[in-house]
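Peer 1: Sharing a structure with you now.
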Amino acid sequence: MAYSFPEEVLEHVFSFLSSPRDRNAVSLVCKSWYEIERWCRHRIFVGNCYAVSPEIVIRRFPELRAVEMKGKPHFADFNLVPEGWGAYAYPWIAAMAEAYPFLEEIKLKRMVVTDESLELISKSYKNFKSLVLTSCEGFTTDGLASIAANCRHLKELDLRESEVEDLSGHWLSHFPDSCTSLVSLNMSCLGSEVSFSALERLVARSPNLRTLRLNRAVPLEKLANLVRHAPQLVELGTGAYSAEIRSDTFSSLADAFSACKQLKALSGFWDVVPSYLPAVYSACSGITSLNLSYAAIPSSDLVKLISQCQNLQRLWVLDYIEDSGLEALAASCKDLQELRVFPSDPFGAEPNVSLTEQGLVSVSEGCPKLESVLYFCRQMSNAALIAIARSRPNFIRFRLCIIEPQAADYLTLEPLDAGFGAIVENCKELRRLSMSGLLTDRVFKYIGTHAKKLEMLSIAFAGDSDLGLHHVLSGCDSLRKLEIRDCPFGDKALLANAAKLETMRSLWMSSCSVSFGACKLLAQKMPRLNVEVIDERGPPDSRLESCSVERVYVYRTVASRQRLDIPDFVWTLDEDSSMRYS
Amino acid sequence: MSMPQEHDYIGLSEPLPSEKSSDKTTAAAAASNVERNGVFSLKETELRLGLPGSEAPERKGGVGIGIGIGIGVSLFGKDESKCVKSGAKRGFSDAINGAGKWGLSINGGSEVDLGQKGGVNVSAVKREIPPLEERKNEAAAAANTAPASKAQVVGWPPIRSFRKNTLATNTPKKDDVGGNSGTGTSCLYVKVSMDGAPYLRKIDLKTYCSYTEISSALEKMFSCFTIGQCGQGLAAKENISESHLMDLLHGSEYVLTYEDKDGDWMLVGDVPWEMFTDSCRRLRIMKGSDAIGLAPRTMQKCKSQN
């Protein structure tokens, strides 16, 4: 009794589905929907580059135009993954160069990208439009020069926080005069000075430029010139925000900003001279996003700036803002949705600013739309966390980093179980949680019981036993990514919940108590999981099986478990059931 | 530490254990001393890693290096012989449990924060080792004791390198900003590569206070494989003599160099420590022969260093 629409109709219907999850769901309905869907999918998101291979992707999706991919696990950001582990972009770029001549967009995160890859991109795709490299590394400014020179229709070049070997600023001059298509340019992570005249001409001939994020080397005195060429800017990242205090510099800057009627986001502000901050005041009423996380600005100047931004939705700031500044924020920015407070002096033994749990309490109380928080501080109490949880049940992301590992509730000296328990109990839509401070197995019981929508959990220096890990793996129904460091979690919980791991993207455990024997067993039991033992002490075989491994990274994969680029310090199960080592 | 030791950053002129007060580093230092001696006999059974085609230098003194990286030399040559298979308990696992230090630093990541004066956060280290009961007690203890010194844990607090390095080069006017500046205001990650090694490491310069600390840390970092494989060598540690160490030093094949802010490659140890940390962008453990022509160290300069 099946009746079917003509393919074209179904394709048309599917074209309204943009989210990868929806597309994936559609493709599972029946074989014919699978077929139709795969021919018309143009965008793909690969959360773990080793979960699948280029061949498999290309075979299934012949018509891709945009590829987004992530490589190293999140803890690589904190130097927990040794260099050389993997996540090389080149095999993907090379395979796609052949298969997708019309590819337009590539977005990579935490991958190793070489100049060779960049050159290949620039020469293989005639219609290439957008390159976004977030926290990537392995390339130099020469690679950027290839992109600039060869991508005739380039709209977007965004190098967010990538580690680029900066050979010179000359790459920017490779944009041909005929290139007028730029919409977004983010070079904030680069160190070298580019030719200012080349930059100015580029900006002047790019009428569609919406996002311009400069690097520190662009001096404040010249900023006004650039901004004047692009009054249509929506997002601006300044360069160094300091100069000799001169009224002509100030007034030309202020004039330039007042011409920017569309400005919504400001960032940059390296080396700030606070006297120049008022130059942006004219734009503040429209500002929804402010990234001052590299700016050392005293609390009073911060407050003056922020209180001009009544429509602020996102604020990233250093802890110079202090509790008093956060209180002012809570009073003036009622639309605030996301707050990140970074430490200005994370390694100092004593606090250098007056920022405590109180700041977070104020903001949670005062900002009804607050849903995402990343907060570094030096003290916390259960009482504060409970208050926060009650004020703000709409949190979807809650990341708290108390700088001292295993710091207890500073008022009662108890663990912070009750506080985080309140967070997961009250915030029913919580999708991401990072915890710190003194925590016992009890907090994991709360998490397993209440955090049903939790997708990503980060744990450090917490828990007492395997029971903690077991609570999380058995209770968190929506868990996709779990990353753990320095916790006494071991074999029992891992093996008892082996099946759960296949429903997740990945599990990272470092400096825990997982034995090599358990890793082997897990890999044997679960053929679709890749269990990577990352250990720099040499082959795990040369130690007792009961010896703990330094790190284990477990992820589901449909690709081969023997990745070709595996380095010498990573061991995975060989197909003949012995752990392969070099 | 006496002044002459400071200059001799490659510092094997005196057995390392006597310099360190901490027991944790003693065991590892002893282990690494052992390796220098023991590696000859164990070369056959040593597991080696390295790029295809790279060869381990075949000379007696070859393992000796100012910073003991010579161990790494033989380490990084490819060799068909596999190491002792399972069955033999690794000699150094005793050292691990006893010393305690390996637990945190090695497991934590690619940096080895062994140079820390205050040593490593003890309660975190102990977490490495089961039994449950011990851990429960330690957790309670940790809750109530303030750490004596601010020991740096690898990758903690969780701040991206990009941000850390930016904070390091940021020069805020701390007085204007209010509050006192902390004792260690920043951290500075630099890459360390070694000629012939298959991959490089990153270390945080701010965790070290002297050339001796950094040299012993690097030595451990790049020799960790050998220490792992040649556990049996530990037994031979009593045979190390000071004169033997001196021979190794003078027969050294590798030197530690750095790239400064101007892009020039310099020998490590020529300038006062603070100047070095301010200007060092990258480190490279270079073959001695390649280092000819780098700014030479003069005895005068070294002696005047603090």
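A note on labels: chains of the structure tokens are A, B, ... as shown, every chain counts residues from 1, and ligands are counted from 1 in their shown order.
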Please identify the strand (DSSP E or B) residues within stretch 59-223 of chain A (assignment by DSSP from backbone atoms) and present them as a ChimeraX atom specification.

Peer 2: /A:66-70,88,105-109,112,130-134,137-140,156-158,163-165,184-186,211-213

Peer 1: Go ahead and write the selection's residues with C-alpha atoms as a JSON list (two decimals), in the first residue's frame.

Peer 2:
[["chain", "number", "residue", "atom", "x", "y", "z"],
["A", 66, "ALA", "CA", 30.29, 22.12, 2.26],
["A", 67, "VAL", "CA", 32.26, 20.00, 4.70],
["A", 68, "GLU", "CA", 32.65, 20.65, 8.40],
["A", 69, "MET", "CA", 34.92, 18.44, 10.44],
["A", 70, "LYS", "CA", 36.52, 18.13, 13.86],
["A", 88, "TYR", "CA", 45.57, 15.45, 9.55],
["A", 105, "GLU", "CA", 33.17, 25.49, 2.02],
["A", 106, "ILE", "CA", 35.58, 23.80, 4.37],
["A", 107, "LYS", "CA", 35.38, 24.22, 8.12],
["A", 108, "LEU", "CA", 37.92, 22.42, 10.27],
["A", 109, "LYS", "CA", 38.41, 22.39, 14.00],
["A", 112, "VAL", "CA", 46.53, 19.64, 11.44],
["A", 130, "SER", "CA", 34.78, 29.76, 2.59],
["A", 131, "LEU", "CA", 37.64, 28.49, 4.72],
["A", 132, "VAL", "CA", 37.26, 28.45, 8.48],
["A", 133, "LEU", "CA", 40.09, 26.99, 10.55],
["A", 134, "THR", "CA", 39.39, 26.92, 14.28],
["A", 137, "GLU", "CA", 47.85, 24.20, 13.31],
["A", 138, "GLY", "CA", 50.56, 23.04, 10.95],
["A", 139, "PHE", "CA", 50.43, 25.73, 8.32],
["A", 140, "THR", "CA", 52.29, 28.93, 7.67],
["A", 156, "GLU", "CA", 35.40, 33.95, 3.93],
["A", 157, "LEU", "CA", 38.82, 33.38, 5.46],
["A", 158, "ASP", "CA", 38.59, 32.82, 9.18],
["A", 163, "GLU", "CA", 48.50, 28.34, 15.47],
["A", 164, "VAL", "CA", 50.03, 29.69, 12.31],
["A", 165, "GLU", "CA", 53.72, 29.83, 11.66],
["A", 184, "SER", "CA", 34.58, 37.84, 6.25],
["A", 185, "LEU", "CA", 38.24, 38.07, 7.17],
["A", 186, "ASN", "CA", 39.57, 36.99, 10.55],
["A", 211, "THR", "CA", 33.30, 40.77, 9.38],
["A", 212, "LEU", "CA", 36.79, 42.13, 9.80],
["A", 213, "ARG", "CA", 38.95, 40.91, 12.64]]

Peer 1: Could you name the residues that touch A:Leu209 at 10 Å or less, counting only C-alpha atoms, but leaving out those on the same chain fewer than 3 positions away, as a list in words?

Peer 2: Lys155, Glu156, Thr180, Ser181, Leu182, Val183, Ser184, Leu185, Leu202, Val203, Ala204, Arg205, Ser206, Leu212, His229, Ala230, Pro231, Gln232, Leu233, Val234 and Glu235 of chain A

Peer 1: Using N, CA, C and O atoms, can you export the residues from the last selection as a PDB file, in the first residue's frame?

Peer 2:
ATOM      1  N   LYS A 155      34.957  34.227  -0.192  1.00  0.00           N
ATOM      2  CA  LYS A 155      34.109  35.096   0.620  1.00  0.00           C
ATOM      3  C   LYS A 155      34.600  35.149   2.053  1.00  0.00           C
ATOM      4  O   LYS A 155      34.477  36.148   2.739  1.00  0.00           O
ATOM      5  N   GLU A 156      35.103  34.003   2.513  1.00  0.00           N
ATOM      6  CA  GLU A 156      35.400  33.949   3.935  1.00  0.00           C
ATOM      7  C   GLU A 156      36.743  33.290   4.200  1.00  0.00           C
ATOM      8  O   GLU A 156      37.007  32.198   3.696  1.00  0.00           O
ATOM      9  N   THR A 180      36.938  41.000  -5.088  1.00  0.00           N
ATOM     10  CA  THR A 180      36.057  41.964  -4.419  1.00  0.00           C
ATOM     11  C   THR A 180      34.950  41.252  -3.669  1.00  0.00           C
ATOM     12  O   THR A 180      33.956  41.856  -3.271  1.00  0.00           O
ATOM     13  N   SER A 181      35.150  39.952  -3.476  1.00  0.00           N
ATOM     14  CA  SER A 181      34.029  39.170  -2.942  1.00  0.00           C
ATOM     15  C   SER A 181      34.069  38.952  -1.435  1.00  0.00           C
ATOM     16  O   SER A 181      33.170  38.346  -0.882  1.00  0.00           O
ATOM     17  N   LEU A 182      35.088  39.439  -0.784  1.00  0.00           N
ATOM     18  CA  LEU A 182      35.244  39.137   0.644  1.00  0.00           C
ATOM     19  C   LEU A 182      34.061  39.577   1.495  1.00  0.00           C
ATOM     20  O   LEU A 182      33.600  40.721   1.388  1.00  0.00           O
ATOM     21  N   VAL A 183      33.617  38.658   2.315  1.00  0.00           N
ATOM     22  CA  VAL A 183      32.553  38.973   3.269  1.00  0.00           C
ATOM     23  C   VAL A 183      33.120  38.926   4.691  1.00  0.00           C
ATOM     24  O   VAL A 183      32.716  39.671   5.571  1.00  0.00           O
ATOM     25  N   SER A 184      34.078  37.997   4.892  1.00  0.00           N
ATOM     26  CA  SER A 184      34.578  37.836   6.253  1.00  0.00           C
ATOM     27  C   SER A 184      36.067  37.541   6.262  1.00  0.00           C
ATOM     28  O   SER A 184      36.526  36.630   5.568  1.00  0.00           O
ATOM     29  N   LEU A 185      36.804  38.293   7.032  1.00  0.00           N
ATOM     30  CA  LEU A 185      38.244  38.070   7.173  1.00  0.00           C
ATOM     31  C   LEU A 185      38.621  38.132   8.645  1.00  0.00           C
ATOM     32  O   LEU A 185      38.415  39.153   9.300  1.00  0.00           O
ATOM     33  N   LEU A 202      42.230  46.362   0.105  1.00  0.00           N
ATOM     34  CA  LEU A 202      41.372  45.177   0.115  1.00  0.00           C
ATOM     35  C   LEU A 202      40.014  45.505   0.735  1.00  0.00           C
ATOM     36  O   LEU A 202      38.959  45.149   0.202  1.00  0.00           O
ATOM     37  N   VAL A 203      40.056  46.177   1.860  1.00  0.00           N
ATOM     38  CA  VAL A 203      38.808  46.545   2.535  1.00  0.00           C
ATOM     39  C   VAL A 203      37.980  47.480   1.669  1.00  0.00           C
ATOM     40  O   VAL A 203      36.767  47.336   1.527  1.00  0.00           O
ATOM     41  N   ALA A 204      38.665  48.416   1.051  1.00  0.00           N
ATOM     42  CA  ALA A 204      37.949  49.411   0.242  1.00  0.00           C
ATOM     43  C   ALA A 204      37.252  48.783  -0.954  1.00  0.00           C
ATOM     44  O   ALA A 204      36.191  49.249  -1.372  1.00  0.00           O
ATOM     45  N   ARG A 205      37.824  47.705  -1.503  1.00  0.00           N
ATOM     46  CA  ARG A 205      37.202  47.132  -2.699  1.00  0.00           C
ATOM     47  C   ARG A 205      36.304  45.942  -2.372  1.00  0.00           C
ATOM     48  O   ARG A 205      35.919  45.176  -3.251  1.00  0.00           O
ATOM     49  N   SER A 206      35.966  45.768  -1.101  1.00  0.00           N
ATOM     50  CA  SER A 206      35.094  44.655  -0.699  1.00  0.00           C
ATOM     51  C   SER A 206      33.801  45.193  -0.123  1.00  0.00           C
ATOM     52  O   SER A 206      33.655  45.308   1.103  1.00  0.00           O
ATOM     53  N   LEU A 212      35.362  41.848   9.931  1.00  0.00           N
ATOM     54  CA  LEU A 212      36.787  42.129   9.799  1.00  0.00           C
ATOM     55  C   LEU A 212      37.428  42.042  11.172  1.00  0.00           C
ATOM     56  O   LEU A 212      37.144  42.856  12.058  1.00  0.00           O
ATOM     57  N   HIS A 229      36.353  52.900   5.411  1.00  0.00           N
ATOM     58  CA  HIS A 229      36.107  52.235   4.125  1.00  0.00           C
ATOM     59  C   HIS A 229      35.001  51.206   4.222  1.00  0.00           C
ATOM     60  O   HIS A 229      34.548  50.687   3.207  1.00  0.00           O
ATOM     61  N   ALA A 230      34.609  50.861   5.429  1.00  0.00           N
ATOM     62  CA  ALA A 230      33.640  49.764   5.583  1.00  0.00           C
ATOM     63  C   ALA A 230      32.581  50.079   6.629  1.00  0.00           C
ATOM     64  O   ALA A 230      32.480  49.391   7.649  1.00  0.00           O
ATOM     65  N   PRO A 231      31.772  51.098   6.366  1.00  0.00           N
ATOM     66  CA  PRO A 231      30.739  51.445   7.336  1.00  0.00           C
ATOM     67  C   PRO A 231      29.644  50.386   7.432  1.00  0.00           C
ATOM     68  O   PRO A 231      28.808  50.443   8.333  1.00  0.00           O
ATOM     69  N   GLN A 232      29.669  49.436   6.514  1.00  0.00           N
ATOM     70  CA  GLN A 232      28.650  48.387   6.535  1.00  0.00           C
ATOM     71  C   GLN A 232      29.047  47.233   7.446  1.00  0.00           C
ATOM     72  O   GLN A 232      28.345  46.238   7.564  1.00  0.00           O
ATOM     73  N   LEU A 233      30.180  47.350   8.120  1.00  0.00           N
ATOM     74  CA  LEU A 233      30.660  46.257   8.960  1.00  0.00           C
ATOM     75  C   LEU A 233      29.659  45.864  10.034  1.00  0.00           C
ATOM     76  O   LEU A 233      29.043  46.718  10.662  1.00  0.00           O
ATOM     77  N   VAL A 234      29.537  44.568  10.239  1.00  0.00           N
ATOM     78  CA  VAL A 234      28.686  44.045  11.302  1.00  0.00           C
ATOM     79  C   VAL A 234      29.546  43.573  12.476  1.00  0.00           C
ATOM     80  O   VAL A 234      29.170  43.679  13.634  1.00  0.00           O
ATOM     81  N   GLU A 235      30.728  43.035  12.152  1.00  0.00           N
ATOM     82  CA  GLU A 235      31.612  42.564  13.211  1.00  0.00           C
ATOM     83  C   GLU A 235      33.006  43.135  12.990  1.00  0.00           C
ATOM     84  O   GLU A 235      33.582  42.964  11.931  1.00  0.00           O
TER      85      GLU A 235
END

Peer 1: Write out as an NGL selection string every residue belonging to chain A that has an atom at most 6 Å from any atom of chain B, counting only C-alpha atoms.

Peer 2: :A and (77-80 or 82 or 84 or 296 or 298 or 345 or 347-350 or 352-353 or 403 or 408 or 511 or 537-538 or 541-543 or 550)

Peer 1: Mind dumping the selected residues with N, CA, C and O atoms as a short mmCIF file (atom, residue, chain, number, x, y, z; two decimals), in the first residue's frame?

Peer 2:
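Okay, this is what ended up in out-v3.cif:
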data_model
loop_
_atom_site.label_atom_id
_atom_site.label_comp_id
_atom_site.auth_asym_id
_atom_site.auth_seq_id
_atom_site.Cartn_x
_atom_site.Cartn_y
_atom_site.Cartn_z
N ASP A 77 43.21 21.02 23.53
CA ASP A 77 43.35 22.46 23.75
C ASP A 77 44.23 22.74 24.96
O ASP A 77 44.80 23.83 25.08
N PHE A 78 44.28 21.79 25.89
CA PHE A 78 45.02 22.01 27.12
C PHE A 78 46.28 21.17 27.16
O PHE A 78 46.74 20.77 28.24
N ASN A 79 46.80 20.86 26.00
CA ASN A 79 48.07 20.13 25.90
C ASN A 79 48.04 18.73 26.49
O ASN A 79 49.07 18.21 26.89
N LEU A 80 46.87 18.11 26.52
CA LEU A 80 46.82 16.75 27.05
C LEU A 80 46.98 15.70 25.96
O LEU A 80 47.10 14.51 26.25
N PRO A 82 49.41 14.47 23.01
CA PRO A 82 50.77 14.73 22.51
C PRO A 82 50.77 15.17 21.06
O PRO A 82 49.90 14.78 20.28
N GLY A 84 51.55 15.26 17.26
CA GLY A 84 51.74 14.15 16.34
C GLY A 84 50.68 13.07 16.49
O GLY A 84 50.75 12.04 15.81
N ALA A 296 43.04 44.16 29.08
CA ALA A 296 43.25 44.46 30.50
C ALA A 296 42.65 45.83 30.76
O ALA A 296 43.31 46.85 30.61
N PRO A 298 40.47 48.16 33.53
CA PRO A 298 39.99 48.19 34.92
C PRO A 298 38.47 48.16 35.00
O PRO A 298 37.78 48.62 34.08
N ASP A 345 45.18 36.10 35.72
CA ASP A 345 46.41 35.62 36.33
C ASP A 345 46.19 34.23 36.90
O ASP A 345 46.18 34.03 38.11
N PHE A 347 47.90 31.60 37.16
CA PHE A 347 48.95 30.85 37.85
C PHE A 347 49.47 31.56 39.07
O PHE A 347 50.37 31.08 39.74
N GLY A 348 48.92 32.70 39.38
CA GLY A 348 49.36 33.40 40.58
C GLY A 348 48.87 32.67 41.81
O GLY A 348 47.81 32.06 41.80
N ALA A 349 49.65 32.72 42.86
CA ALA A 349 49.26 32.00 44.07
C ALA A 349 48.11 32.71 44.78
O ALA A 349 47.24 32.08 45.38
N GLU A 350 48.10 34.02 44.70
CA GLU A 350 47.04 34.78 45.37
C GLU A 350 46.14 35.42 44.34
O GLU A 350 46.59 35.73 43.24
N ASN A 352 44.42 38.18 42.24
CA ASN A 352 44.87 39.53 41.94
C ASN A 352 43.70 40.50 41.77
O ASN A 352 43.89 41.70 41.64
N VAL A 353 42.50 39.94 41.74
CA VAL A 353 41.32 40.79 41.56
C VAL A 353 40.23 40.30 42.50
O VAL A 353 40.26 39.17 42.97
N ILE A 403 39.91 27.53 40.19
CA ILE A 403 41.29 27.40 39.77
C ILE A 403 42.10 26.37 40.55
O ILE A 403 42.90 25.64 39.97
N ALA A 408 37.40 22.84 48.08
CA ALA A 408 36.11 22.56 48.72
C ALA A 408 35.28 23.83 48.80
O ALA A 408 35.74 24.92 48.49
N SER A 511 45.13 10.03 32.96
CA SER A 511 45.55 9.98 34.37
C SER A 511 44.47 9.40 35.26
O SER A 511 44.24 9.89 36.36
N ARG A 537 55.13 6.02 27.43
CA ARG A 537 56.16 5.28 28.13
C ARG A 537 56.62 4.06 27.35
O ARG A 537 57.38 3.26 27.85
N GLY A 538 56.12 3.90 26.15
CA GLY A 538 56.53 2.73 25.39
C GLY A 538 55.39 1.73 25.32
O GLY A 538 54.31 1.97 25.83
N ASP A 541 52.55 -3.50 26.25
CA ASP A 541 52.88 -4.92 26.44
C ASP A 541 54.09 -5.12 27.34
O ASP A 541 54.28 -6.20 27.88
N SER A 542 54.91 -4.11 27.44
CA SER A 542 56.12 -4.30 28.23
C SER A 542 55.86 -4.04 29.71
O SER A 542 56.75 -4.09 30.52
N ARG A 543 54.62 -3.72 30.02
CA ARG A 543 54.26 -3.52 31.42
C ARG A 543 53.20 -4.54 31.78
O ARG A 543 52.64 -5.21 30.93
N GLU A 550 48.34 5.77 30.42
CA GLU A 550 48.38 7.23 30.63
C GLU A 550 47.09 7.87 30.15
O GLU A 550 46.51 8.71 30.83
#

Peer 1: Find the residues near A:Ser117: any atom within 9 Å, counting only C-alpha atoms, skip ones fewer than 2 places away on the same chain, and give them as a compact mmCIF listing (two decimals) with N, CA and C atoms, in the first residue's frame.

Peer 2:
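The new file around_9.txt reads:
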# COMPACT_ATOMS: atom_id res chain seq x y z
N ALA A 89 44.47 16.91 8.02
CA ALA A 89 43.44 17.29 7.05
C ALA A 89 43.78 16.81 5.65
N TYR A 90 45.06 16.63 5.37
CA TYR A 90 45.47 16.39 3.99
C TYR A 90 44.76 15.22 3.30
N PRO A 91 44.66 14.06 3.96
CA PRO A 91 43.98 12.95 3.24
C PRO A 91 42.57 13.31 2.82
N ILE A 93 41.43 16.45 2.25
CA ILE A 93 41.49 17.47 1.20
C ILE A 93 41.83 16.82 -0.13
N ALA A 94 42.78 15.91 -0.09
CA ALA A 94 43.20 15.28 -1.35
C ALA A 94 42.07 14.44 -1.95
N VAL A 113 46.63 21.12 9.57
CA VAL A 113 46.47 21.53 8.17
C VAL A 113 47.83 22.01 7.68
N THR A 114 48.29 21.49 6.58
CA THR A 114 49.60 21.92 6.09
C THR A 114 49.44 22.92 4.95
N ASP A 115 50.55 23.54 4.61
CA ASP A 115 50.54 24.47 3.48
C ASP A 115 50.17 23.73 2.21
N GLU A 119 47.31 24.79 -0.35
CA GLU A 119 47.56 25.01 -1.76
C GLU A 119 46.62 24.14 -2.59
N LEU A 120 46.44 22.91 -2.15
CA LEU A 120 45.55 22.01 -2.87
C LEU A 120 44.13 22.57 -2.89
N ILE A 121 43.69 23.08 -1.76
CA ILE A 121 42.36 23.69 -1.71
C ILE A 121 42.27 24.82 -2.72
N SER A 122 43.29 25.66 -2.72
CA SER A 122 43.22 26.86 -3.54
C SER A 122 43.20 26.51 -5.02
N PHE A 139 50.21 24.98 9.56
CA PHE A 139 50.43 25.73 8.32
C PHE A 139 51.12 27.06 8.60
N GLY A 143 50.87 29.25 3.17
CA GLY A 143 49.63 28.58 2.79
C GLY A 143 48.51 29.60 2.59

Peer 1: For A:Pro62, list every protein, DNA or RNA residue within 8 Å, evaluated using only C-alpha atoms, and leave out those in the same chain fewer than 2 positions away; present the list as a list of chain:residue names.

Peer 2: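 The residues satisfying every condition are A:Arg38, A:Trp39, A:Ile58, A:Arg59, A:Arg60, A:Leu64, A:Ala99, A:Tyr100.
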